[in-house]
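Student: The file below is input37.pdb, PDB, C-alpha atoms and all ligand atoms:
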```pdb
ATOM      1  CA  MET L   1      45.582  54.149 132.271
ATOM      2  CA  LYS L   2      42.948  56.226 130.568
ATOM      3  CA  PHE L   3      42.634  55.461 126.860
ATOM      4  CA  ILE L   4      41.619  58.216 124.454
ATOM      5  CA  ASN L   5      41.297  58.059 120.666
ATOM      6  CA  LEU L   6      41.155  61.383 118.832
ATOM      7  CA  VAL L   7      41.448  59.976 115.309
ATOM      8  CA  PRO L   8      37.646  60.096 114.691
ATOM      9  CA  ASP L   9      37.624  63.815 115.569
ATOM     10  CA  PHE L  10      40.546  64.397 113.239
ATOM     11  CA  GLU L  11      38.607  62.638 110.482
ATOM     12  CA  LYS L  12      35.617  64.932 111.111
ATOM     13  CA  PHE L  13      37.931  67.915 110.665
ATOM     14  CA  LEU L  14      39.597  66.615 107.526
ATOM     15  CA  ARG L  15      36.284  65.886 105.801
ATOM     16  CA  ILE L  16      36.013  69.671 105.660
ATOM     17  CA  GLY L  17      39.649  70.789 105.974
ATOM     18  CA  GLY L  18      41.219  74.142 106.782
ATOM     19  CA  ARG L  19      42.173  75.874 110.014
ATOM     20  CA  LYS L  20      38.615  76.772 111.018
ATOM     21  CA  ALA L  21      37.448  73.158 110.869
ATOM     22  CA  PHE L  22      40.642  72.070 112.644
ATOM     23  CA  MET L  23      39.723  74.234 115.609
ATOM     24  CA  LYS L  24      36.025  73.361 115.601
ATOM     25  CA  TYR L  25      36.174  69.575 115.199
ATOM     26  CA  TYR L  26      39.617  68.632 116.490
ATOM     27  CA  TYR L  27      41.240  71.218 118.753
ATOM     28  CA  ASP L  28      38.367  72.786 120.688
ATOM     29  CA  PRO L  29      36.665  69.550 121.824
ATOM     30  CA  ASN L  30      40.054  68.130 122.883
ATOM     31  CA  LYS L  31      41.798  71.247 124.103
ATOM     32  CA  LYS L  32      42.988  69.784 127.376
ATOM     33  CA  ILE L  33      44.939  67.109 125.542
ATOM     34  CA  LEU L  34      46.020  69.055 122.476
ATOM     35  CA  PHE L  35      47.011  72.367 124.012
ATOM     36  CA  PRO L  36      50.193  71.076 125.732
ATOM     37  CA  LEU L  37      51.267  69.242 122.580
ATOM     38  CA  LEU L  38      50.822  72.232 120.288
ATOM     39  CA  LYS L  39      52.630  74.371 122.817
ATOM     40  CA  ASP L  40      55.541  71.944 122.589
ATOM     41  CA  PHE L  41      55.386  72.106 118.790
ATOM     42  CA  GLU L  42      55.984  75.842 119.050
ATOM     43  CA  LEU L  43      58.873  75.249 121.397
ATOM     44  CA  TRP L  44      60.346  72.838 118.844
ATOM     45  CA  GLU L  45      59.761  75.401 116.093
ATOM     46  CA  ILE L  46      57.261  73.237 114.203
ATOM     47  CA  SER L  47      55.005  75.406 112.057
ATOM     48  CA  TRP L  48      51.880  73.352 112.710
ATOM     49  CA  LYS L  49      49.413  75.965 111.475
ATOM     50  CA  LYS L  50      50.999  75.838 108.047
ATOM     51  CA  SER L  51      50.849  72.020 108.054
ATOM     52  CA  ILE L  52      47.056  72.118 108.499
ATOM     53  CA  ASP L  53      46.625  73.740 105.087
ATOM     54  CA  GLU L  54      48.670  71.049 103.384
ATOM     55  CA  LEU L  55      46.611  68.032 104.539
ATOM     56  CA  SER L  56      44.304  66.101 102.286
ATOM     57  CA  TYR L  57      41.619  63.559 103.202
ATOM     58  CA  ASN L  58      42.818  61.162 100.530
ATOM     59  CA  LYS L  59      46.279  60.903 102.028
ATOM     60  CA  TYR L  60      44.733  60.033 105.415
ATOM     61  CA  LYS L  61      42.362  57.323 104.143
ATOM     62  CA  ASN L  62      44.757  54.575 105.133
ATOM     63  CA  ILE L  63      45.060  55.968 108.679
ATOM     64  CA  PHE L  64      41.305  56.242 109.143
ATOM     65  CA  SER L  65      40.678  52.731 107.878
ATOM     66  CA  ASN L  66      43.357  51.349 110.209
ATOM     67  CA  ASN L  67      42.057  53.208 113.234
ATOM     68  CA  LYS L  68      39.949  50.426 114.766
ATOM     69  CA  LYS L  69      42.674  47.839 114.337
ATOM     70  CA  TYR L  70      45.341  49.983 116.008
ATOM     71  CA  ASP L  71      42.974  51.144 118.721
ATOM     72  CA  LYS L  72      42.536  47.484 119.662
ATOM     73  CA  LYS L  73      46.258  46.782 119.339
ATOM     74  CA  ALA L  74      47.222  49.687 121.604
ATOM     75  CA  LYS L  75      44.782  48.549 124.293
ATOM     76  CA  GLU L  76      46.188  45.010 124.108
ATOM     77  CA  ILE L  77      49.765  46.275 124.449
ATOM     78  CA  ILE L  78      48.859  48.414 127.465
ATOM     79  CA  LYS L  79      47.335  45.332 129.098
ATOM     80  CA  LYS L  80      50.362  43.227 128.200
ATOM     81  CA  CYS L  81      52.744  45.768 129.736
ATOM     82  CA  GLU L  82      50.631  46.117 132.873
ATOM     83  CA  LYS L  83      50.589  42.345 133.278
ATOM     84  CA  PHE L  84      54.366  42.186 132.796
ATOM     85  CA  LEU L  85      54.929  44.949 135.362
ATOM     86  CA  GLY L  86      52.346  43.524 137.772
ATOM     87  CA  ARG L  87      50.617  46.871 138.251
ATOM     88  CA  LYS L  88      48.057  49.130 136.669
ATOM     89  CA  LEU L  89      49.567  52.194 135.040
ATOM     90  CA  LYS L  90      48.589  55.765 135.780
ATOM     91  CA  GLY L  91      48.224  58.476 133.167
ATOM     92  CA  GLU L  92      46.657  58.820 129.739
ATOM     93  CA  PHE L  93      47.257  57.095 126.438
ATOM     94  CA  VAL L  94      46.170  59.133 123.413
ATOM     95  CA  LEU L  95      45.920  57.841 119.854
ATOM     96  CA  LEU L  96      45.806  60.869 117.603
ATOM     97  CA  CYS L  97      46.995  62.570 114.448
ATOM     98  CA  THR L  98      49.948  64.869 115.022
ATOM     99  CA  LEU L  99      50.089  66.525 111.588
ATOM    100  CA  LYS L 100      52.798  63.944 110.793
ATOM    101  CA  GLU L 101      55.162  65.634 113.241
ATOM    102  CA  ILE L 102      55.703  63.116 116.034
ATOM    103  CA  ASP L 103      55.373  59.369 116.392
ATOM    104  CA  GLY L 104      55.569  58.753 120.123
ATOM    105  CA  TYR L 105      55.986  60.999 123.131
ATOM    106  CA  SER L 106      55.459  60.400 126.827
ATOM    107  CA  ARG L 107      54.920  63.823 128.369
ATOM    108  CA  HIS L 108      55.350  64.245 132.103
ATOM    109  CA  ASN L 109      53.411  67.002 133.829
ATOM    110  CA  ARG L 110      52.696  67.420 137.545
ATOM    111  CA  GLY L 111      53.366  63.801 138.365
ATOM    112  CA  ILE L 112      51.278  62.336 135.521
ATOM    113  CA  ASN L 113      52.295  61.195 132.025
ATOM    114  CA  THR L 114      50.349  61.539 128.799
ATOM    115  CA  ILE L 115      51.437  59.319 125.933
ATOM    116  CA  TYR L 116      50.820  60.832 122.505
ATOM    117  CA  LEU L 117      50.889  58.264 119.725
ATOM    118  CA  GLY L 118      50.841  59.816 116.271
ATOM    119  CA  MET L 119      48.987  57.565 113.862
ATOM    120  CA  ASP L 120      49.834  59.773 110.881
ATOM    121  CA  TYR L 121      53.591  59.661 111.297
ATOM    122  CA  PRO L 122      55.213  58.163 108.185
ATOM    123  CA  LYS L 123      55.574  54.355 108.406
ATOM    124  CA  ILE L 124      54.245  54.295 111.986
ATOM    125  CA  PHE L 125      52.427  51.006 111.420
ATOM    126  CA  SER L 126      55.725  49.207 110.787
ATOM    127  CA  TYR L 127      56.950  49.853 114.338
ATOM    128  CA  PHE L 128      53.746  50.621 116.213
ATOM    129  CA  ASN L 129      54.025  47.776 118.755
ATOM    130  CA  LEU L 130      57.609  48.538 119.744
ATOM    131  CA  LEU L 131      56.896  52.237 120.027
ATOM    132  CA  VAL L 132      53.840  51.775 122.242
ATOM    133  CA  ALA L 133      55.824  49.526 124.590
ATOM    134  CA  HIS L 134      58.705  52.036 124.561
ATOM    135  CA  GLU L 135      56.465  54.954 125.565
ATOM    136  CA  ILE L 136      54.724  52.884 128.225
ATOM    137  CA  SER L 137      58.129  52.193 129.756
ATOM    138  CA  HIS L 138      58.695  55.951 130.177
ATOM    139  CA  THR L 139      55.285  56.389 131.773
ATOM    140  CA  ALA L 140      55.865  53.488 134.147
ATOM    141  CA  ARG L 141      59.369  54.612 135.119
ATOM    142  CA  ASP L 142      58.397  58.250 135.577
ATOM    143  CA  SER L 143      55.759  57.191 138.102
ATOM    144  CA  MET L 144      58.159  54.892 139.964
ATOM    145  CA  ILE L 145      61.184  57.132 140.430
ATOM    146  CA  ASP L 146      61.268  60.657 141.742
ATOM    147  CA  ILE L 147      61.916  62.185 138.333
ATOM    148  CA  CYS L 148      61.406  65.720 139.653
ATOM    149  CA  LYS L 149      63.801  65.297 142.525
ATOM    150  CA  GLY L 150      61.447  65.929 145.389
ATOM    151  CA  LYS L 151      59.245  68.418 143.560
ATOM    152  CA  LYS L 152      56.277  66.227 142.845
ATOM    153  CA  CYS L 153      54.109  68.870 141.228
ATOM    154  CA  MET L 154      56.648  70.111 138.745
ATOM    155  CA  THR L 155      55.214  71.222 135.425
ATOM    156  CA  HIS L 156      56.518  69.755 132.215
ATOM    157  CA  ASP L 157      58.367  72.953 131.324
ATOM    158  CA  SER L 158      60.285  73.187 134.568
ATOM    159  CA  MET L 159      60.867  69.452 134.563
ATOM    160  CA  ILE L 160      62.657  69.465 131.194
ATOM    161  CA  LYS L 161      64.799  72.400 132.262
ATOM    162  CA  ASN L 162      65.839  70.540 135.388
ATOM    163  CA  LEU L 163      65.996  66.980 134.118
ATOM    164  CA  PRO L 164      69.388  65.461 134.904
ATOM    165  CA  TYR L 165      70.872  64.253 131.632
ATOM    166  CA  ILE L 166      71.553  60.825 133.125
ATOM    167  CA  GLU L 167      67.821  60.320 133.771
ATOM    168  CA  HIS L 168      67.184  60.854 130.065
ATOM    169  CA  LEU L 169      70.047  58.570 129.078
ATOM    170  CA  ILE L 170      69.035  55.726 131.374
ATOM    171  CA  GLY L 171      65.311  56.264 130.739
ATOM    172  CA  GLU L 172      65.827  55.781 126.998
ATOM    173  CA  GLY L 173      68.080  52.764 127.540
ATOM    174  CA  ILE L 174      65.427  51.173 129.740
ATOM    175  CA  ALA L 175      62.578  52.006 127.346
ATOM    176  CA  THR L 176      64.508  50.408 124.480
ATOM    177  CA  ALA L 177      65.218  47.274 126.486
ATOM    178  CA  PHE L 178      61.666  47.237 127.880
ATOM    179  CA  SER L 179      60.110  47.016 124.413
ATOM    180  CA  GLN L 180      62.485  44.129 123.732
ATOM    181  CA  SER L 181      61.179  42.334 126.834
ATOM    182  CA  ILE L 182      57.582  42.823 125.693
ATOM    183  CA  PHE L 183      58.242  41.941 122.034
ATOM    184  CA  PRO L 184      61.351  39.748 121.883
ATOM    185  CA  GLY L 185      62.911  38.381 118.711
ATOM    186  CA  LYS L 186      63.488  41.543 116.671
ATOM    187  CA  LYS L 187      66.793  43.089 115.650
ATOM    188  CA  GLU L 188      68.532  45.545 117.982
ATOM    189  CA  LYS L 189      68.205  48.299 115.393
ATOM    190  CA  ASP L 190      64.414  47.860 115.467
ATOM    191  CA  TYR L 191      64.179  48.492 119.199
ATOM    192  CA  LEU L 192      66.337  51.589 118.689
ATOM    193  CA  PHE L 193      64.208  52.772 115.740
ATOM    194  CA  PHE L 194      67.379  52.971 113.653
ATOM    195  CA  ASP L 195      67.846  52.001 110.035
ATOM    196  CA  ALA L 196      70.685  49.615 109.157
ATOM    197  CA  SER L 197      73.243  52.327 108.413
ATOM    198  CA  GLU L 198      72.491  54.292 111.594
ATOM    199  CA  TYR L 199      72.906  51.143 113.647
ATOM    200  CA  ARG L 200      76.138  50.265 111.828
ATOM    201  CA  TRP L 201      77.541  53.722 112.510
ATOM    202  CA  CYS L 202      76.873  53.343 116.244
ATOM    203  CA  LYS L 203      78.325  49.852 116.407
ATOM    204  CA  LYS L 204      81.495  51.087 114.684
ATOM    205  CA  ASN L 205      81.841  54.195 116.831
ATOM    206  CA  GLU L 206      81.011  53.010 120.341
ATOM    207  CA  LYS L 207      84.079  54.644 121.903
ATOM    208  CA  LEU L 208      83.306  57.948 120.232
ATOM    209  CA  ILE L 209      79.691  57.838 121.455
ATOM    210  CA  GLU L 210      80.848  57.103 124.991
ATOM    211  CA  LYS L 211      83.174  60.117 124.926
ATOM    212  CA  GLU L 212      80.364  62.420 123.733
ATOM    213  CA  VAL L 213      77.767  61.077 126.150
ATOM    214  CA  LYS L 214      80.104  61.403 129.117
ATOM    215  CA  LYS L 215      80.465  65.122 128.438
ATOM    216  CA  LEU L 216      76.817  65.567 129.461
ATOM    217  CA  ILE L 217      76.901  63.494 132.629
ATOM    218  CA  GLY L 218      76.336  65.828 135.552
ATOM    219  CA  THR L 219      74.421  68.379 133.461
ATOM    220  CA  ARG L 220      70.695  69.189 133.468
ATOM    221  CA  GLY L 221      68.240  70.162 130.766
ATOM    222  CA  THR L 222      70.688  69.197 128.014
ATOM    223  CA  HIS L 223      68.952  66.091 126.692
ATOM    224  CA  TYR L 224      67.945  67.652 123.340
ATOM    225  CA  LYS L 225      71.557  67.683 122.144
ATOM    226  CA  PHE L 226      71.612  64.224 120.573
ATOM    227  CA  TYR L 227      68.344  64.637 118.698
ATOM    228  CA  GLU L 228      70.512  66.459 116.173
ATOM    229  CA  LYS L 229      72.395  64.544 113.529
ATOM    230  CA  GLY L 230      76.160  65.009 113.164
ATOM    231  CA  VAL L 231      76.951  65.853 116.794
ATOM    232  CA  VAL L 232      80.147  63.947 116.167
ATOM    233  CA  GLY L 233      81.360  63.241 112.619
ATOM    234  CA  ASN L 234      78.399  62.084 110.564
ATOM    235  CA  SER L 235      76.605  60.520 113.515
ATOM    236  CA  PRO L 236      72.883  59.767 113.284
ATOM    237  CA  SER L 237      70.528  61.372 115.790
ATOM    238  CA  ARG L 238      69.913  59.730 119.191
ATOM    239  CA  ILE L 239      73.325  58.109 119.572
ATOM    240  CA  ASP L 240      72.777  58.325 123.315
ATOM    241  CA  TYR L 241      69.837  55.920 123.008
ATOM    242  CA  TYR L 242      72.337  53.404 121.655
ATOM    243  CA  TYR L 243      74.700  54.022 124.566
ATOM    244  CA  GLY L 244      71.912  53.743 127.157
ATOM    245  CA  TYR L 245      70.541  50.578 125.579
ATOM    246  CA  MET L 246      73.957  48.854 125.507
ATOM    247  CA  LEU L 247      74.491  49.727 129.151
ATOM    248  CA  ILE L 248      71.100  48.368 130.217
ATOM    249  CA  LYS L 249      71.576  45.250 128.092
ATOM    250  CA  GLN L 250      74.752  44.446 129.998
ATOM    251  CA  LEU L 251      72.988  44.928 133.326
ATOM    252  CA  LEU L 252      70.188  42.619 132.196
ATOM    253  CA  GLU L 253      72.587  39.700 132.404
ATOM    254  CA  LYS L 254      72.259  39.929 136.194
ATOM    255  CA  HIS L 255      69.115  41.995 136.754
ATOM    256  CA  ASP L 256      65.497  42.020 135.665
ATOM    257  CA  ILE L 257      64.195  44.995 133.673
ATOM    258  CA  ARG L 258      61.347  45.257 136.201
ATOM    259  CA  GLU L 259      63.955  45.835 138.897
ATOM    260  CA  LEU L 260      65.993  48.343 136.846
ATOM    261  CA  ILE L 261      62.948  50.386 135.840
ATOM    262  CA  LYS L 262      62.486  51.444 139.480
ATOM    263  CA  ILE L 263      66.081  52.537 140.096
ATOM    264  CA  PRO L 264      67.111  56.184 139.603
ATOM    265  CA  ALA L 265      69.831  56.724 136.984
ATOM    266  CA  LYS L 266      72.507  57.472 139.553
ATOM    267  CA  GLY L 267      71.972  54.052 141.120
ATOM    268  CA  ILE L 268      72.065  52.346 137.749
ATOM    269  CA  LEU L 269      75.315  54.022 136.702
ATOM    270  CA  GLY L 270      76.853  52.835 139.942
ATOM    271  CA  MET L 271      75.894  49.189 139.391
ATOM    272  CA  LYS L 272      78.593  46.672 138.611
ATOM    273  CA  ILE L 273      78.394  45.207 135.152
TER     274      ILE L 273
HETATM  275 ZN    ZN L 301      61.940  57.285 124.635
END
```
For the structure just supplied, provide its representation as structure tokens.
Tutor:
Amino acid sequence: MKFINLVPDFEKFLRIGGRKAFMKYYYDPNKKILFPLLKDFELWEISWKKSIDELSYNKYKNIFSNNKKYDKKAKEIIKKCEKFLGRKLKGEFVLLCTLKEIDGYSRHNRGINTIYLGMDYPKIFSYFNLLVAHEISHTARDSMIDICKGKKCMTHDSMIKNLPYIEHLIGEGIATAFSQSIFPGKKEKDYLFFDASEYRWCKKNEKLIEKEVKKLIGTRGTHYKFYEKGVVGNSPSRIDYYYGYMLIKQLLEKHDIRELIKIPAKGILGMKI
């Protein structure tokens, strides 16, 4: 896995500030990596250009001073995951600043994944390890199963339009359980990146979640639905992560996560619990 750290370039930009410096010191030298991400921001209706004007060097001091430490940490976690999986991982791992918009994202494009890890996301340092392991799980799984259903060179855009919902559901369940295998001993809510009340809501409403999730089984390109809050009652966002995680946890009583990570979602849903 290729490791890239763009935080120093972001620091160069923020020493000056403004859109012109953003392009000159951050975007232009790293266009290949940043272009797809900013394109996604537009798709998600994030007004990133406006965010640039609101940044201040002072508010980023903590991120810049932590950069070396987290650079080292990320490399160690990649190694740890590769050792656990017994294979070297393909793709790119990018530490960067995402204008505080995203924390972790494993982006699949033409058979290769790029992990974007946003060091400036609020409170990122409190769950950095679990998030890195989570994103690595996506990268590993995407390279092991035929995520594009026979179309190996599918672009990211066509992939998300065609992604069977169950692949998303099972992929998130596996990623959640995978980070637990790498860093055991935390609370379930931590692996799900939930706060206590979000976790409590899910635990109380398991039947309701199941009913909602099952509506999407058999559909494609619908995986954004549960990123919204309040899909059912006052549900938190990502209730399907909870469902996927509970399902995988049950399967882990008889199977190893390293076995499950290689099985397409259809196969996993057909397994006996
Ligand atoms: Zn995920």
Student: When the PyMOL selection byres (((chain L and resi 182-196) around 10) and not hetatm) is applied to the structure above, which residues does it catch, written out as a PyMOL selection string?
Tutor: chain L and resi 77+80-81+84+126-127+129-131+133-134+172-173+175-181+197-202+236-239+241-242+245-246
Student: Please list as an MDAnalysis selection string every residue within 6 Å of Ile115 of chain L, counting all atoms listed in the file and excluding residues in the same chain fewer than 3 positions away.
Tutor: chainID L and resid 93:94 105:106
Student: When the PyMOL selection byres (((chain L and resi 117-119) around 6) and not hetatm) is applied to the structure above, which residues does it catch, written out as a VMD selection string?
Tutor: chain L and resid 95 to 98 102 to 104 116 120 to 121
Student: To one decimal place in Å, what is the distance between atom CA of Asp142 of chain L and atom CA of Ile160 of chain L?
Tutor: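 Atom CA of Ile160 of chain L lies 12.8 Å from atom CA of Asp142 of chain L.
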Student: Once the PyMOL selection byres (((chain L and resi 1) around 6) and not hetatm) has been evaluated on this model, what residues remain selected, and can you format them as JSON, numbers by chain?
Tutor: {"L": [2, 89, 90, 91, 92]}
Student: Given only C-alpha atoms and all ligand atoms as the basis, pick out the residue of L:Thr219, L:Asn30, L:Thr139, L:Ser56 nearest to ligand ZN 301 (chain L).
Tutor: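 Using only C-alpha atoms and all ligand atoms, the shortest distance to ligand ZN 301 (chain L) belongs to L:Thr139.
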Student: Return the single residue from L:Gly221, L:Gly270, L:Pro264, L:Gly171 that is closest to ligand ZN 301 (chain L), with distances computed using all atoms listed in the file.
Tutor: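 Ranked by minimum distance to ligand ZN 301 (chain L), first place goes to L:Gly171.
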Student: Rank nothing, just name the residue among L:Ile263, L:Ile124, L:Ile136, L:Leu6 nearest to Glu82 of chain L, using all atoms listed in the file.
Tutor: L:Ile136
Student: My list of candidates is L:His168, L:Lys254, L:His156, L:Lys69. Which is closest to His223 of chain L when distances are computed with all atoms listed in the file?
Tutor: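 That would be L:His168, the residue with the smallest distance to His223 of chain L.
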Student: For a quick check of understanding, using only C-alpha atoms, which of L:Asn5, L:Ser143, L:Asn205, L:Thr222 has the smallest distance to Asp71 of chain L?
Tutor: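 Closest to Asp71 of chain L, using only C-alpha atoms: L:Asn5.
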Student: Between L:Ile16, L:Met159, L:Ile217, L:Ala140, single out the one closest to ligand ZN 301 (chain L), counting all atoms listed in the file.
Tutor: L:Ala140
Student: So how far away is atom CA of Arg258 of chain L from atom CA of Leu85 of chain L, in Å?
Tutor: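 Going from atom CA of Leu85 of chain L over to atom CA of Arg258 of chain L covers 6.5 Å.
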Student: In Å to one decimal, how far is atom CA of Lys100 of chain L from atom CA of Ala74 of chain L?
Tutor: 18.7 Å
Student: Dump C-alpha atoms of segment 176-196 of chain L from the given block, as a CSV table (one decimal), in the first residue's frame.
Tutor:
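Written out: part_10.csv:
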```csv
chain,number,residue,atom,x,y,z
L,176,THR,CA,-16.8,-2.6,11.9
L,177,ALA,CA,-16.0,-6.2,13.1
L,178,PHE,CA,-12.6,-6.0,11.5
L,179,SER,CA,-11.5,-3.0,13.5
L,180,GLN,CA,-12.7,-4.9,16.6
L,181,SER,CA,-10.4,-7.8,15.6
L,182,ILE,CA,-7.4,-5.4,15.2
L,183,PHE,CA,-8.1,-3.4,18.3
L,184,PRO,CA,-10.2,-5.5,20.7
L,185,GLY,CA,-11.5,-4.4,24.1
L,186,LYS,CA,-13.5,-1.3,23.2
L,187,LYS,CA,-17.2,-0.8,23.5
L,188,GLU,CA,-19.5,-1.8,20.6
L,189,LYS,CA,-20.6,1.8,20.1
L,190,ASP,CA,-16.9,2.8,19.6
L,191,TYR,CA,-16.5,0.4,16.7
L,192,LEU,CA,-19.7,1.8,15.2
L,193,PHE,CA,-18.6,5.4,15.7
L,194,PHE,CA,-21.8,6.0,17.6
L,195,ASP,CA,-22.3,8.0,20.8
L,196,ALA,CA,-24.1,6.4,23.7
```
